[in-house]
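Read the structure below first, then the notes.
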Amino acid sequence: MYFSINKKYTPKRIRQKILIYLRRLIRLRSTPRAIALGVAIGIFVAFTPTIGIQILLAAFFSSVLNANQPVAIIFVWTTNPLTFPFIYGFTYWVGNFFWNGPPLLKVRGILMKTDHALEKEDVWEFYDRLKTIIYLWRDIFIPLTIGGIIAGIIAGSIAYIIVLQIIVRYKKHYQIRKQ
């Protein structure tokens, strides 16, 4: 039996695609600072428990701080159905050092069940989980918010520094090659 290898997904082609997207990202806005700040804002907002308004918050903060809006909005998707339980579990754990709430395993169980309801698109099960979360609002959301702000500031700052350095180095390299 003959098996063909899909040449579309070879390591060389994947690397080429990544470089193409990196070049497009860099050309979105002229300053590396605006792009890096957009990444930092998107990651910061992603760590906060503001699902439902995260995109609006990222757009607002990026406008106010003169950052790249599309980049900020894209990086909000750091929290998605796959990463939601891990990120919010971590931010709850961090926030629990400053404001005591229920045990992490109990909260993790509630968040995992909520995430499964979202994945299955079961509106009623999600609604029931959401009612439980609202009932425990003060006990869960205060440490989650505190931890989200702390972890978001740290993760956003690290992302800002790394992305800024990558873009500046890439632009210098690109200008040298261009000459």
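Labeling convention for the structure tokens: chains A, B, ... as they appear, residues from 1 per chain, ligands from 1 in order of appearance.
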Legend entry - Long-range neighbours of stretch 87-91 of chain A as JSON, numbers by chain, 7 Å cut-off, only C-alpha atoms, 3 positions minimum in chain: {"A": [47, 83, 84, 94, 95, 108, 144, 147, 148, 151]}
Inset, instruction - Name the residues in contact with stretch 65-78 of chain A at a cut-off of 6 Å, using only C-alpha atoms, excluding same-chain residues fewer than 2 positions from it; report them as an MDAnalysis selection string. - result: chainID A and resid 34:35 37:39 41:43 46 55 58:59 61:63 80
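Take atom CA of A:Ile53 and atom CA of A:Ile153: the distance between them is 18.3 Å.
Atom CA of A:Val168 is positioned 24.6 Å from atom CA of A:Arg13.
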Inset, instruction - Please run DSSP on the backbone and report, as number ranges by chain, all residues within stretch 13-154 of chain A that come out as helix (DSSP H, G or I). - result: A: 13-27, 32-47, 54-64, 69-78, 84-95, 104-119, 123-135, 137-154
Residues from last step as file, C-alpha atoms, as a short mmCIF file (atom, residue, chain, number, x, y, z; two decimals), in the first residue's frame:
data_model
loop_
_atom_site.label_atom_id
_atom_site.label_comp_id
_atom_site.auth_asym_id
_atom_site.auth_seq_id
_atom_site.Cartn_x
_atom_site.Cartn_y
_atom_site.Cartn_z
CA ARG A 13 7.32 24.47 5.95
CA ILE A 14 6.16 25.01 9.52
CA ARG A 15 9.24 27.14 10.22
CA GLN A 16 8.58 29.16 7.05
CA LYS A 17 4.96 29.75 8.09
CA ILE A 18 6.03 30.90 11.56
CA LEU A 19 8.49 33.36 10.02
CA ILE A 20 5.78 34.68 7.69
CA TYR A 21 3.42 35.27 10.63
CA LEU A 22 6.23 36.86 12.65
CA ARG A 23 6.95 39.27 9.79
CA ARG A 24 3.24 40.11 9.53
CA LEU A 25 3.07 40.67 13.29
CA ILE A 26 6.03 43.02 13.20
CA ARG A 27 4.57 45.01 10.30
CA PRO A 32 8.16 47.40 18.60
CA ARG A 33 6.94 48.97 21.85
CA ALA A 34 3.32 49.06 20.62
CA ILE A 35 3.41 45.42 19.58
CA ALA A 36 5.05 44.25 22.81
CA LEU A 37 2.61 46.34 24.85
CA GLY A 38 -0.28 44.78 22.94
CA VAL A 39 0.99 41.31 23.85
CA ALA A 40 1.41 42.34 27.50
CA ILE A 41 -2.09 43.83 27.69
CA GLY A 42 -3.64 40.77 26.06
CA ILE A 43 -1.90 38.41 28.46
CA PHE A 44 -2.72 40.57 31.49
CA VAL A 45 -6.42 40.68 30.60
CA ALA A 46 -6.38 36.93 29.86
CA PHE A 47 -5.32 36.21 33.44
CA GLN A 54 -11.96 40.35 27.89
CA ILE A 55 -11.85 41.47 24.27
CA LEU A 56 -13.51 44.78 25.14
CA LEU A 57 -11.06 45.33 28.00
CA ALA A 58 -8.07 44.54 25.79
CA ALA A 59 -9.34 46.90 23.08
CA PHE A 60 -9.95 49.66 25.64
CA PHE A 61 -6.58 49.34 27.40
CA SER A 62 -4.68 49.08 24.13
CA SER A 63 -6.39 52.26 22.88
CA VAL A 64 -5.66 54.16 26.07
CA GLN A 69 -5.10 46.56 19.36
CA PRO A 70 -5.20 43.46 17.12
CA VAL A 71 -2.28 41.91 18.99
CA ALA A 72 -3.88 42.63 22.37
CA ILE A 73 -7.15 41.06 21.26
CA ILE A 74 -5.41 37.98 19.85
CA PHE A 75 -3.44 37.37 23.05
CA VAL A 76 -6.60 37.54 25.15
CA TRP A 77 -7.24 34.07 23.76
CA THR A 78 -4.48 32.79 26.04
CA PHE A 84 -9.13 27.99 31.36
CA PRO A 85 -8.92 25.53 34.28
CA PHE A 86 -5.14 25.70 34.54
CA ILE A 87 -4.80 29.48 34.35
CA TYR A 88 -7.66 30.19 36.72
CA GLY A 89 -6.57 27.40 39.05
CA PHE A 90 -3.14 28.99 39.25
CA THR A 91 -4.48 32.52 39.70
CA TYR A 92 -6.84 31.29 42.42
CA TRP A 93 -3.93 29.58 44.16
CA VAL A 94 -1.90 32.82 44.05
CA GLY A 95 -4.85 34.93 45.22
CA LEU A 104 -8.17 24.77 45.63
CA LEU A 105 -9.31 21.23 44.81
CA LYS A 106 -12.95 22.15 45.42
CA VAL A 107 -12.69 25.25 43.24
CA ARG A 108 -10.75 23.31 40.60
CA GLY A 109 -13.54 20.74 40.48
CA ILE A 110 -16.15 23.44 39.97
CA LEU A 111 -14.10 25.14 37.24
CA MET A 112 -13.38 21.83 35.46
CA LYS A 113 -17.08 20.94 35.44
CA THR A 114 -17.89 24.42 34.12
CA ASP A 115 -15.28 24.00 31.39
CA HIS A 116 -16.69 20.59 30.41
CA ALA A 117 -20.16 22.11 30.18
CA LEU A 118 -18.75 24.77 27.84
CA GLU A 119 -17.00 22.17 25.69
CA VAL A 123 -26.27 25.45 28.27
CA TRP A 124 -28.25 24.14 31.24
CA GLU A 125 -25.33 22.34 32.85
CA PHE A 126 -23.17 25.44 32.34
CA TYR A 127 -25.95 27.55 33.86
CA ASP A 128 -26.06 25.27 36.93
CA ARG A 129 -22.28 25.51 37.33
CA LEU A 130 -22.45 29.25 36.90
CA LYS A 131 -25.09 29.47 39.65
CA THR A 132 -22.74 27.54 41.97
CA ILE A 133 -19.89 29.90 41.12
CA ILE A 134 -22.13 32.94 41.71
CA TYR A 135 -23.21 31.47 45.05
CA TRP A 137 -18.76 34.60 44.41
CA ARG A 138 -17.02 36.26 47.32
CA ASP A 139 -15.13 33.11 48.30
CA ILE A 140 -13.89 32.38 44.77
CA PHE A 141 -13.78 35.59 42.77
CA ILE A 142 -11.95 37.80 45.24
CA PRO A 143 -8.89 35.48 45.43
CA LEU A 144 -9.26 34.76 41.70
CA THR A 145 -9.21 38.47 40.89
CA ILE A 146 -6.30 39.24 43.22
CA GLY A 147 -4.30 36.31 41.84
CA GLY A 148 -5.26 37.20 38.27
CA ILE A 149 -4.02 40.76 38.67
CA ILE A 150 -0.75 39.64 40.27
CA ALA A 151 -0.09 36.80 37.81
CA GLY A 152 -1.26 38.97 34.89
CA ILE A 153 1.12 41.77 35.77
CA ILE A 154 4.04 39.36 36.11
#
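Here atom CA of A:Thr79 is placed at a distance of 11.4 Å from atom CA of A:Gly52.
With distances restricted to only C-alpha atoms, A:Ala155 is the closest residue to A:Thr48 from A:Ile166, A:Leu82, A:Ala155, A:Ile161.
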